[in-house]
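Asker: Enclosed is the structure file my_file.txt (compact mmCIF, C-alpha atoms).
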# COMPACT_ATOMS: atom_id res chain seq x y z
CA MET A 207 61.47 118.85 97.16
CA HIS A 208 62.97 117.38 94.09
CA SER A 209 65.18 118.92 91.48
CA ALA A 210 64.55 118.37 87.82
CA PRO A 211 67.48 116.77 86.01
CA GLN A 212 69.40 119.52 84.28
CA ALA A 213 72.37 117.69 82.78
CA SER A 214 73.11 118.96 79.29
CA GLY A 215 71.94 115.77 77.69
CA SER A 216 72.03 117.24 74.18
CA ASP A 217 75.84 117.68 74.36
CA ARG A 218 76.18 114.20 75.69
CA GLU A 219 73.94 112.73 73.00
CA SER A 220 75.68 114.74 70.29
CA ALA A 221 79.13 113.46 71.29
CA THR A 222 77.87 109.89 71.35
CA ARG A 223 76.05 110.26 68.01
CA THR A 224 79.32 111.49 66.43
CA ALA A 225 81.02 108.39 67.83
CA VAL A 226 78.29 106.13 66.40
CA ILE A 227 78.72 107.62 62.91
CA ALA A 228 82.52 107.41 63.10
CA GLY A 229 82.27 103.84 64.41
CA GLY A 230 79.82 102.82 61.65
CA ILE A 231 82.16 104.10 58.93
CA ASP A 232 85.07 102.38 60.65
CA VAL A 233 83.17 99.07 60.63
CA LEU A 234 82.49 99.37 56.88
CA VAL A 235 86.12 100.22 56.07
CA THR A 236 87.46 97.40 58.25
CA LEU A 237 85.00 94.97 56.72
CA GLY A 238 86.23 96.01 53.25
CA ALA A 239 89.83 95.44 54.33
CA LEU A 240 88.95 92.06 55.85
CA LEU A 241 87.22 90.83 52.69
CA ALA A 242 90.12 91.95 50.47
CA ALA A 243 92.97 90.61 52.61
CA HIS A 244 94.35 87.49 54.18
CA SER A 245 95.41 88.55 57.67
CA ALA A 246 94.62 87.44 61.23
CA VAL A 247 95.32 90.95 62.51
CA ILE A 248 92.78 92.45 60.14
CA LEU A 249 90.18 89.91 61.32
CA ALA A 250 90.97 90.79 64.94
CA ASP A 251 90.75 94.47 64.02
CA PHE A 252 87.33 93.90 62.45
CA CYS A 253 86.06 92.11 65.61
CA LYS A 254 87.42 94.88 67.81
CA THR A 255 85.95 97.60 65.59
CA LEU A 256 82.58 95.89 65.55
CA LEU A 257 82.61 95.65 69.36
CA GLU A 258 83.52 99.27 69.75
CA PHE A 259 80.74 100.24 67.37
CA MET A 260 78.24 98.14 69.34
CA ALA A 261 79.43 99.79 72.57
CA VAL A 262 78.88 103.33 71.32
CA LEU A 263 75.63 102.37 69.58
CA LEU A 264 74.22 100.95 72.82
CA ALA A 265 75.53 103.96 74.73
CA TRP A 266 73.78 106.30 72.30
CA LEU A 267 70.52 104.35 72.52
CA THR A 268 70.77 104.40 76.32
CA ILE A 269 71.39 108.14 76.42
CA ARG A 270 68.41 108.71 74.11
CA ARG A 271 66.30 106.61 76.46
CA ILE A 272 67.56 108.61 79.44
CA GLN A 273 66.74 111.86 77.64
CA GLN A 274 63.18 110.67 77.08
CA GLY A 275 62.96 109.32 80.62
CA ALA A 276 63.98 112.66 82.09
CA HIS A 277 60.47 113.91 81.38
CA HIS A 278 58.86 110.92 83.08
CA GLN A 279 59.48 108.92 86.23
CA PHE A 280 62.31 106.64 85.09
CA ASP A 281 64.98 108.33 87.18
CA TYR A 282 65.77 105.34 89.39
CA GLY A 283 66.08 103.01 86.40
CA VAL A 284 68.40 104.80 83.99
CA GLY A 285 71.56 103.89 85.87
CA LYS A 286 70.68 100.26 85.43
CA LEU A 287 70.09 100.84 81.71
CA GLU A 288 73.61 102.24 81.31
CA ASN A 289 75.09 99.27 83.09
CA LEU A 290 72.98 96.77 81.17
CA SER A 291 74.42 98.17 77.91
CA SER A 292 77.95 97.67 79.23
CA LEU A 293 77.07 94.12 80.22
CA ILE A 294 75.82 93.28 76.69
CA VAL A 295 79.05 94.69 75.18
CA SER A 296 81.21 92.64 77.51
CA LEU A 297 79.34 89.46 76.54
CA LEU A 298 79.87 90.25 72.84
CA MET A 299 83.55 90.75 73.60
CA PHE A 300 83.83 87.19 74.90
CA LEU A 301 82.20 85.92 71.69
CA CYS A 302 84.67 87.83 69.48
CA LEU A 303 87.54 86.56 71.57
CA ALA A 304 86.64 83.01 70.67
CA VAL A 305 86.63 83.89 66.92
CA ILE A 306 90.03 85.63 67.07
CA ILE A 307 91.69 82.87 69.09
CA ALA A 308 90.34 80.15 66.76
CA ASN A 309 91.60 82.02 63.68
CA ALA A 310 95.01 82.76 65.23
CA THR A 311 95.42 79.10 66.18
CA TYR A 312 94.69 78.10 62.57
CA SER A 313 97.16 80.73 61.24
CA LEU A 314 99.89 79.51 63.59
CA THR A 315 99.45 75.91 62.46
CA HIS A 316 99.08 76.89 58.77
CA PRO A 317 101.36 79.97 58.44
CA ALA A 318 100.99 82.19 55.36
CA HIS A 319 102.08 85.71 54.37
CA ILE A 320 99.58 88.51 54.71
CA SER A 321 98.32 89.51 51.30
CA GLY A 322 95.69 91.40 49.32
CA ILE A 323 94.76 95.03 48.67
CA GLY A 324 92.91 94.93 52.00
CA VAL A 325 96.26 95.26 53.79
CA TRP A 326 96.78 98.70 52.24
CA ILE A 327 93.17 99.71 52.90
CA SER A 328 93.81 98.80 56.53
CA VAL A 329 97.10 100.74 56.70
CA VAL A 330 95.46 103.94 55.39
CA SER A 331 92.42 103.55 57.66
CA GLN A 332 94.59 102.93 60.75
CA ILE A 333 96.40 106.23 60.21
CA LEU A 334 93.13 108.09 59.65
CA TYR A 335 91.34 106.57 62.64
CA ALA A 336 94.29 107.08 64.96
CA VAL A 337 93.77 110.82 64.45
CA ILE A 338 89.95 110.63 64.83
CA ASN A 339 90.11 108.45 67.94
CA THR A 340 92.58 110.72 69.66
CA ARG A 341 90.18 113.61 69.11
CA LEU A 342 87.25 111.58 70.52
CA VAL A 343 89.31 110.64 73.61
CA LEU A 344 89.77 114.31 74.44
CA GLN A 345 86.10 115.13 73.84
CA SER A 346 84.75 112.21 75.93
CA ARG A 347 87.15 112.88 78.81
CA ARG A 348 86.03 116.49 78.99
CA LEU A 349 82.34 115.53 79.03
CA ALA A 350 82.90 112.69 81.54
CA ARG A 351 84.51 115.18 83.94
CA GLU A 352 81.70 117.69 83.50
CA ARG A 353 78.81 115.20 83.78
CA ASN A 354 80.38 112.72 86.22
CA SER A 355 79.22 109.88 83.97
CA PRO A 356 80.82 106.43 84.19
CA LEU A 357 79.40 105.75 80.73
CA LEU A 358 81.34 108.60 79.11
CA GLU A 359 84.38 107.73 81.17
CA ALA A 360 84.22 104.18 79.82
CA GLN A 361 83.83 105.62 76.33
CA ALA A 362 86.94 107.78 76.69
CA GLY A 363 88.87 104.66 77.72
CA LEU A 364 87.45 102.83 74.72
CA PHE A 365 88.59 105.54 72.27
CA PHE A 366 92.02 105.59 73.88
CA SER A 367 92.41 101.85 73.46
CA LYS A 368 91.23 102.27 69.86
CA ALA A 369 93.93 104.86 69.13
CA VAL A 370 96.58 102.60 70.68
CA ALA A 371 95.20 99.65 68.68
CA ASN A 372 95.44 101.68 65.46
CA GLY A 373 99.15 102.22 66.11
CA PHE A 374 99.67 98.58 67.04
CA ILE A 375 97.93 97.20 63.91
CA LEU A 376 99.88 99.63 61.75
CA LEU A 377 103.10 98.36 63.31
CA SER A 378 102.08 94.72 62.86
CA LEU A 379 101.11 95.12 59.19
CA GLY A 380 104.26 97.17 58.53
CA LEU A 381 106.58 94.60 60.09
CA SER A 382 104.84 91.67 58.34
CA THR A 383 105.27 93.41 54.97
CA LEU A 384 108.80 94.79 55.47
CA LEU A 385 110.21 91.59 56.97
CA ALA A 386 108.48 89.24 54.52
CA ALA A 387 111.92 87.88 53.47
CA TYR A 388 112.32 86.21 56.88
CA SER A 389 110.41 82.98 57.44
CA TRP A 390 109.65 83.84 61.09
CA SER A 391 107.77 86.94 59.98
CA LEU A 392 104.87 84.61 59.12
CA TYR A 393 104.11 84.45 62.83
CA ILE A 394 103.96 88.22 63.40
CA ASP A 395 100.39 88.42 62.08
CA PRO A 396 98.75 85.65 64.22
CA CYS A 397 100.76 86.64 67.30
CA ALA A 398 99.68 90.27 66.92
CA SER A 399 96.06 89.12 66.60
CA LEU A 400 96.41 87.23 69.88
CA ILE A 401 97.73 90.38 71.55
CA ILE A 402 94.60 92.20 70.33
CA ALA A 403 92.54 89.31 71.76
CA VAL A 404 94.22 89.77 75.16
CA SER A 405 93.44 93.50 75.11
CA ILE A 406 89.79 92.69 74.34
CA LEU A 407 89.75 90.15 77.19
CA PHE A 408 90.97 92.71 79.73
CA ALA A 409 88.49 95.31 78.48
CA ALA A 410 85.64 92.77 78.65
CA LEU A 411 86.56 91.69 82.17
CA GLY A 412 86.70 95.30 83.36
CA ILE A 413 83.34 96.25 81.85
CA PHE A 414 81.74 92.99 83.02
CA LYS A 415 82.92 93.52 86.58
CA ASN A 416 81.80 97.16 86.77
CA SER A 417 78.46 96.51 85.12
CA THR A 418 77.47 93.60 87.31
CA LEU A 419 78.49 95.50 90.44
CA ASP A 420 76.59 98.59 89.36
CA LEU A 421 73.48 96.64 88.40
CA LEU A 422 73.12 95.98 92.09
CA ASP A 423 72.44 99.36 93.64
CA ARG A 424 75.36 100.39 95.71
CA THR A 425 75.50 102.10 99.05
CA LEU A 426 76.81 105.60 98.81
CA GLU A 427 80.55 105.88 99.36
CA GLU A 428 81.69 106.70 102.90
CA GLU A 429 83.17 109.97 101.69
CA HIS A 430 79.75 111.15 100.54
CA GLN A 431 78.02 109.84 103.67
CA ILE A 432 80.39 112.04 105.68
CA CYS A 433 79.56 114.90 103.35
CA ILE A 434 75.83 114.54 104.17
CA LEU A 435 76.53 114.43 107.89
CA ARG A 436 78.82 117.45 107.67
CA ALA A 437 76.04 119.44 106.03
CA LEU A 438 73.59 118.30 108.72
CA ALA A 439 76.08 119.35 111.38
CA ARG A 440 76.45 122.77 109.73
CA HIS A 441 72.67 123.25 109.89
CA PHE A 442 72.33 121.61 113.32
CA ASP A 443 70.31 124.42 114.88
CA ARG A 444 67.94 124.83 111.93
CA TYR A 445 66.01 121.59 112.41
CA GLU A 446 64.66 119.88 115.47
CA GLU A 447 64.97 116.23 114.62
CA LEU A 448 66.88 114.01 112.23
CA ARG A 449 64.43 111.23 111.41
CA GLU A 450 66.19 109.36 108.63
CA ILE A 451 68.82 109.51 105.91
CA ARG A 452 68.42 107.28 102.86
CA SER A 453 71.04 107.26 100.15
CA ARG A 454 72.08 105.11 97.26
CA ARG A 455 73.99 105.20 94.00
CA SER A 456 72.49 103.99 90.75
CA GLY A 457 74.91 104.21 87.82
CA SER A 458 76.17 107.79 87.68
CA GLN A 459 73.32 109.10 89.81
CA VAL A 460 73.24 109.54 93.56
CA PHE A 461 69.95 109.72 95.40
CA VAL A 462 69.76 111.19 98.87
CA GLU A 463 66.63 111.56 100.94
CA ILE A 464 66.76 113.23 104.33
CA ILE A 465 63.76 113.32 106.62
CA LEU A 466 63.89 116.17 109.10
CA GLY A 467 61.57 117.18 111.87
CA PHE A 468 60.93 120.84 112.67
CA ALA A 469 59.41 122.52 115.67
CA PRO A 470 55.68 123.24 115.21
CA ALA A 471 56.28 126.89 116.08
CA GLN A 472 58.96 127.32 113.41
CA PRO A 473 57.70 129.55 110.55
CA ALA A 474 57.07 127.71 107.28
CA ALA A 475 59.29 130.14 105.34
CA GLU A 476 62.19 129.42 107.68
CA ILE A 477 61.71 125.66 107.28
CA GLU A 478 61.54 126.05 103.50
CA THR A 479 64.75 128.11 103.41
CA ALA A 480 66.63 125.69 105.65
CA ALA A 481 65.57 122.69 103.58
CA ARG A 482 66.39 124.42 100.29
CA GLN A 483 69.83 125.51 101.45
CA LEU A 484 70.67 122.04 102.72
CA LYS A 485 69.55 120.50 99.44
CA LEU A 486 71.55 122.96 97.31
CA GLU A 487 74.69 122.53 99.40
CA LEU A 488 74.53 118.75 99.16
CA GLU A 489 73.84 118.74 95.41
CA ARG A 490 76.84 121.01 94.96
CA GLU A 491 79.12 118.86 97.11
CA ILE A 492 78.07 115.43 95.82
CA PRO A 493 78.50 115.24 92.05
CA GLY A 494 75.50 113.83 90.19
CA SER A 495 73.28 113.87 93.25
CA ARG A 496 69.56 114.48 93.59
CA VAL A 497 68.68 115.44 97.11
CA THR A 498 65.21 115.36 98.59
CA ILE A 499 64.55 116.95 101.95
CA ALA A 500 61.34 115.59 103.37
CA ILE A 501 59.73 117.45 106.22
CA ALA A 502 58.19 115.21 108.86
CA MET B 10 84.38 90.71 112.96
CA ALA B 11 84.69 94.07 114.65
CA LEU B 12 82.51 94.30 117.74
CA LEU B 13 81.10 97.04 119.87
CA GLU B 14 80.70 96.71 123.61
CA ILE B 15 78.43 99.16 125.39
CA THR B 16 78.39 99.62 129.14
CA CYS B 17 75.78 101.89 130.73
CA THR B 18 76.05 102.96 134.35
CA SER B 19 74.06 105.47 136.31
CA ALA B 20 76.04 107.57 138.74
CA ALA B 21 75.44 110.77 140.70
CA GLY B 22 72.63 112.05 138.52
CA TYR B 23 74.19 111.34 135.18
CA LEU B 24 74.43 108.46 132.79
CA HIS B 25 77.86 107.12 131.87
CA ILE B 26 77.94 105.21 128.58
CA LEU B 27 81.24 103.57 127.75
CA LEU B 28 81.83 102.45 124.15
CA ARG B 29 84.50 99.88 123.41
CA GLY B 30 85.41 98.62 119.94
CA HIS B 31 84.14 99.65 116.51
CA ILE B 32 81.00 101.36 115.30
CA THR B 33 80.20 100.06 111.85
CA SER B 34 76.98 99.54 109.92
CA ALA B 35 76.81 96.13 111.62
CA THR B 36 77.15 97.39 115.19
CA ALA B 37 75.36 100.74 114.77
CA PRO B 38 71.79 99.42 115.32
CA GLN B 39 72.85 98.01 118.70
CA LEU B 40 74.20 101.41 119.73
CA GLU B 41 71.13 103.23 118.47
CA GLN B 42 68.79 101.01 120.48
CA THR B 43 70.90 101.23 123.62
CA LEU B 44 71.10 105.01 123.53
CA ALA B 45 67.38 105.40 122.88
CA ALA B 46 66.54 103.06 125.75
CA ALA B 47 69.02 104.77 128.09
CA ILE B 48 67.27 108.14 128.01
CA ALA B 49 63.72 106.95 127.43
CA GLY B 50 61.25 108.66 129.74
CA GLN B 51 63.90 110.82 131.39
CA ALA B 52 63.41 114.54 131.80
CA ALA B 53 66.53 116.62 131.14
CA PRO B 54 68.94 113.68 131.13
CA GLN B 55 72.66 114.22 131.63
CA CYS B 56 74.86 111.85 129.76
CA VAL B 57 78.57 111.20 129.22
CA LEU B 58 79.52 109.24 126.13
CA ASP B 59 82.92 107.84 127.00
CA LEU B 60 84.83 107.11 123.79
CA GLY B 61 88.08 106.19 125.53
CA ASP B 62 88.05 102.67 124.11
CA LEU B 63 86.31 103.40 120.84
CA VAL B 64 88.76 102.47 118.10
CA TYR B 65 86.75 103.35 115.01
CA THR B 66 83.51 104.88 113.87
CA SER B 67 82.06 104.92 110.39
CA SER B 68 79.44 107.38 109.15
CA ALA B 69 76.84 105.07 110.71
CA GLY B 70 78.22 105.99 114.14
CA LEU B 71 78.30 109.68 113.30
CA ARG B 72 74.68 109.53 112.25
CA ILE B 73 73.76 108.03 115.62
CA PHE B 74 75.77 110.65 117.51
CA LEU B 75 73.95 113.38 115.58
CA THR B 76 70.51 111.90 116.20
CA PHE B 77 71.30 111.33 119.86
CA ALA B 78 72.64 114.86 120.31
CA LYS B 79 69.38 116.19 118.84
CA ARG B 80 67.26 114.03 121.15
CA MET B 81 69.24 115.13 124.18
CA LYS B 82 68.87 118.76 123.20
CA ASN B 83 65.13 118.40 122.63
CA ALA B 84 64.75 116.69 125.99
CA GLY B 85 66.53 119.62 127.62
CA GLY B 86 69.43 117.39 128.61
CA GLN B 87 73.19 117.65 128.41
CA LEU B 88 75.43 115.41 126.37
CA VAL B 89 79.21 115.38 126.73
CA PHE B 90 81.70 113.26 124.82
CA CYS B 91 84.87 112.41 126.66
CA ALA B 92 88.26 110.74 126.15
CA VAL B 93 87.92 110.75 122.37
CA GLN B 94 90.83 108.87 120.81
CA PRO B 95 92.84 110.60 118.03
CA ALA B 96 91.49 108.45 115.16
CA VAL B 97 87.88 109.01 116.16
CA HIS B 98 88.55 112.69 116.94
CA LYS B 99 89.82 113.15 113.41
CA VAL B 100 86.57 111.71 111.99
CA LEU B 101 84.53 114.02 114.24
CA GLU B 102 86.65 116.96 113.13
CA VAL B 103 86.40 116.19 109.41
CA SER B 104 82.63 115.84 109.66
CA GLY B 105 82.28 119.15 111.52
CA PHE B 106 80.97 117.42 114.66
CA THR B 107 83.56 119.05 116.90
CA GLN B 108 81.67 122.30 116.26
CA ILE B 109 78.35 121.00 117.55
CA LEU B 110 79.29 118.45 120.22
CA THR B 111 80.83 119.09 123.62
CA LEU B 112 84.15 117.24 123.88
CA VAL B 113 86.20 117.05 127.05
CA PRO B 114 89.37 115.12 127.97
CA ASP B 115 87.92 112.79 130.63
CA VAL B 116 84.92 111.77 132.73
CA THR B 117 85.86 114.15 135.56
CA ALA B 118 85.81 117.11 133.19
CA ALA B 119 82.47 115.94 131.83
CA ARG B 120 80.99 115.62 135.31
CA ASP B 121 82.10 119.13 136.16
CA LEU B 122 80.00 120.48 133.30
CA PHE B 123 76.78 118.99 134.57
CA LEU B 124 74.33 120.93 136.68
CA PRO B 125 74.18 119.66 140.27
CA ARG B 126 71.09 117.59 141.10
Would you mind writing the file's structure down as structure tokens?

Answerer:
Amino acid sequence: MHSAPQASGSDRESATRTAVIAGGIDVLVTLGALLAAHSAVILADFCKTLLEFMAVLLAWLTIRRIQQGAHHQFDYGVGKLENLSSLIVSLLMFLCLAVIIANATYSLTHPAHISGIGVWISVVSQILYAVINTRLVLQSRRLARERNSPLLEAQAGLFFSKAVANGFILLSLGLSTLLAAYSWSLYIDPCASLIIAVSILFAALGIFKNSTLDLLDRTLEEEHQICILRALARHFDRYEELREIRSRRSGSQVFVEIILGFAPAQPAAEIETAARQLKLELEREIPGSRVTIAIA
Amino acid sequence: MALLEITCTSAAGYLHILLRGHITSATAPQLEQTLAAAIAGQAAPQCVLDLGDLVYTSSAGLRIFLTFAKRMKNAGGQLVFCAVQPAVHKVLEVSGFTQILTLVPDVTAARDLFLPR
């Protein structure tokens, strides 16, 4: 017995596609600001924006792949695909970190005021994107809760950090401009870019750690193991023998296979009902699970 | 490393299995083999699983208890758990095992449940 995947993938893909479009526009705007300004913060913002765009782009491509795979036999591999995407993003993050740190070091040793029309392009875009990102945080969090997807959960966190970053960059550009009369204000811009670099570092480390752990299939959490045993205890008198329980987690999916033995005299309809009820109960209790009851 | 010590003794028509230590995924296979060997070839075995010195059990232990309880039932035997410590009792309770297993306070109470041979 095996249930067909019924997650509302179209909602999930739609939310991610919206994020890809928003991210693509953001990249173009930030690139425009970068080319028309002299500011370490705007460079850091561009790197961060590019990373975020890559993250949602890979997520969207992964979800599309999963959607296609749902009609075939890729079920055990899609979790790995999600985690592989996260791993690529975290590696790109480390690359961008190096660029930001090198530029900030140069700006600290050769201080100069931020300048250019790009600063004002950046200010306007930060305000606009702070609003958009806040909306995307709420949307992704809702979907992550409904679908029990670590990918969407990671995305919600990404949009939240983007909204916070928008506010931070706005503050940095504002202070650098308003306090231009003070010589020490020259250091606001490179220091702020280093703070953005630190935030990228923490995000990269978090994603890297989770992705590498998840790429190795994990044993099901103890809480869910107990859940399986509780269900088997509830149905104790409906089967004759417990042959085996196999379970594992792959990305957001949980696979459970239970092999039960039944008495030869037990009617087939009764066996079928018992197995179906056990399967439905477990799939309800363990989010994101696919339960197979094999009859020995 | 947490260890599990298993002592099996045969007395007055029943099997007394004393567990001491921790049942984890590392020690569970040892328990599974011992229990299977203990009742192998026996008709209607009577068995007391003494958990007086069992400090901890993970789901691996619960799985073995469930499998063993089924085997005992199919063999027409009787299985009684005794002297279950509070921490382990809580795990059995949470997993719904207290509803399907026979739990008594001590070995004497377990012995009293068995049919005379």

Asker: What's the 8 Å shell around Ile477 of chain A, counting only C-alpha atoms, without same-chain residues fewer than 6 positions away, as a list in words?

Answerer: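 The neighbour list is Arg444, Tyr445 and Phe468 of chain A.
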
Asker: What would the file look like if the residues just selected were written as a PDB file, keeping the file's coordinate frame with C-alpha atoms?

Answerer:
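Generated output (again28.pdb):
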ATOM      1  CA  ARG A 444      67.940 124.830 111.930  1.00  0.00           C
ATOM      2  CA  TYR A 445      66.010 121.590 112.410  1.00  0.00           C
ATOM      3  CA  PHE A 468      60.930 120.840 112.670  1.00  0.00           C
TER       4      PHE A 468
END

Asker: Which residue, B:Thr43, B:Ser19, B:Gln108, B:Thr33, has the smallest gap to chain A when you use only C-alpha atoms?

Answerer: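 Smallest distance to chain A is found for B:Gln108.
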
Asker: Would you give me, as a Markdown table, each residue of chain A having an atom within 6 Å of an atom of chain B, along with its shortest atom pair and that distance in Å to one decimal, using all atoms listed in the file and sorting by chain and residue number?

Answerer:
| residue | atom | partner | partner_atom | distance |
| --- | --- | --- | --- | --- |
| A:Ile432 | CA | B:Ser68 | CA | 5.9 |
| A:Arg436 | CA | B:Ser104 | CA | 4.6 |
| A:Leu448 | CA | B:Thr76 | CA | 5.8 |

Asker: One decimal, in Å: what's the spacing between atom CA of Ala437 of chain A and atom CA of Glu359 of chain A?

Answerer: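 Those two atoms sit 28.7 Å apart.
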
Asker: In Å, how far is it from atom CA of Leu298 of chain A to atom CA of Leu264 of chain A?

Answerer: 12.1 Å

Asker: Go ahead and compute the interatomic distance for atom CA of Gly85 of chain B and atom CA of Leu435 of chain A, in Å to one decimal.

Answerer: 22.7 Å

Asker: Might you pull out every residue within 10 Å of Leu234 of chain A, with all atoms listed in the file counted and same-chain residues fewer than 6 positions away left off, and present them as a short mmCIF file (atom, residue, chain, number, x, y, z; two decimals) with C-alpha atoms, in the frame of the given file?

Answerer:
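Output file around-v2.cif follows:
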data_model
loop_
_atom_site.label_atom_id
_atom_site.label_comp_id
_atom_site.auth_asym_id
_atom_site.auth_seq_id
_atom_site.Cartn_x
_atom_site.Cartn_y
_atom_site.Cartn_z
CA LEU A 240 88.95 92.06 55.85
CA PHE A 252 87.33 93.90 62.45
CA THR A 255 85.95 97.60 65.59
CA LEU A 256 82.58 95.89 65.55
#

Asker: Which residues are near Val330 of chain A? Cut-off 12 Å, all atoms listed in the file, ignore same chain within fewer than 6 positions. Put them as a list of chain:residue names.

Answerer: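 Residues near the query, excluding close chain neighbours: A:Asp232, A:Val235, A:Thr236, A:Ala239, A:Ile323, A:Gly324, A:Ala336, A:Val337, A:Asn372, A:Gly373, A:Ile375, A:Leu376, A:Leu379, A:Gly380.
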
Asker: Contacts of Ile492 of chain A at 9 Å or less, counting all atoms listed in the file, minus same-chain residues fewer than 5 places along, as a list in words?

Answerer: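 Surrounding residues, per the criterion: His430, Cys433, Ile434, Val460 and Glu487 of chain A.
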
Asker: Neighbours of Glu14 of chain B within 10 Å (all atoms listed in the file; same-chain residues fewer than 4 positions away dropped), as a PyMOL selection string?

Answerer: chain B and resi 27-32+36+39-40+62-63

Asker: So which residues fall inside 12 Å of (85.6, 116.7, 131.5) if we count only C-alpha atoms? Mind giving them as a ChimeraX atom specification?

Answerer: /B:56-59,88-93,111-123

Asker: Calculated over all atoms listed in the file, which of the candidates B:Leu60, B:Gln94, B:Gln55, B:Phe74 has the smallest distance to Ala20 of chain B?

Answerer: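 So, comparing all the options, the nearest one is B:Gln55.
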
Asker: Point out the residue among A:Ser321, A:Ser405, A:Thr498, A:Ser399 with the least atom-to-atom distance to Ile307 of chain A, counting all atoms listed in the file.

Answerer: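 Distance minimum relative to Ile307 of chain A lands on A:Ser399.
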
Asker: Provide an axis-aligned box for all listed atoms of segment 301-310 of chain A, padding each side by 4 Å; report its centre and its edge lengths in Å to one decimal, as JSON.

Answerer:
{"center_x": 88.6, "center_y": 84.0, "center_z": 67.7, "size_x": 20.8, "size_y": 15.7, "size_z": 16.0}

Asker: Which residue is closest to Leu257 of chain A? Choose from A:Ala398, A:Ile327, A:Ala480, A:Leu407 and count all atoms listed in the file.

Answerer: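 Ranked by minimum distance to Leu257 of chain A, first place goes to A:Leu407.
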
Asker: Using all atoms listed in the file, can you tell me which of A:Pro493, A:Thr340, A:Glu352, A:Val226 comes closest to Val462 of chain A?

Answerer: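 Checking each candidate against Val462 of chain A, we get A:Pro493 as the closest.
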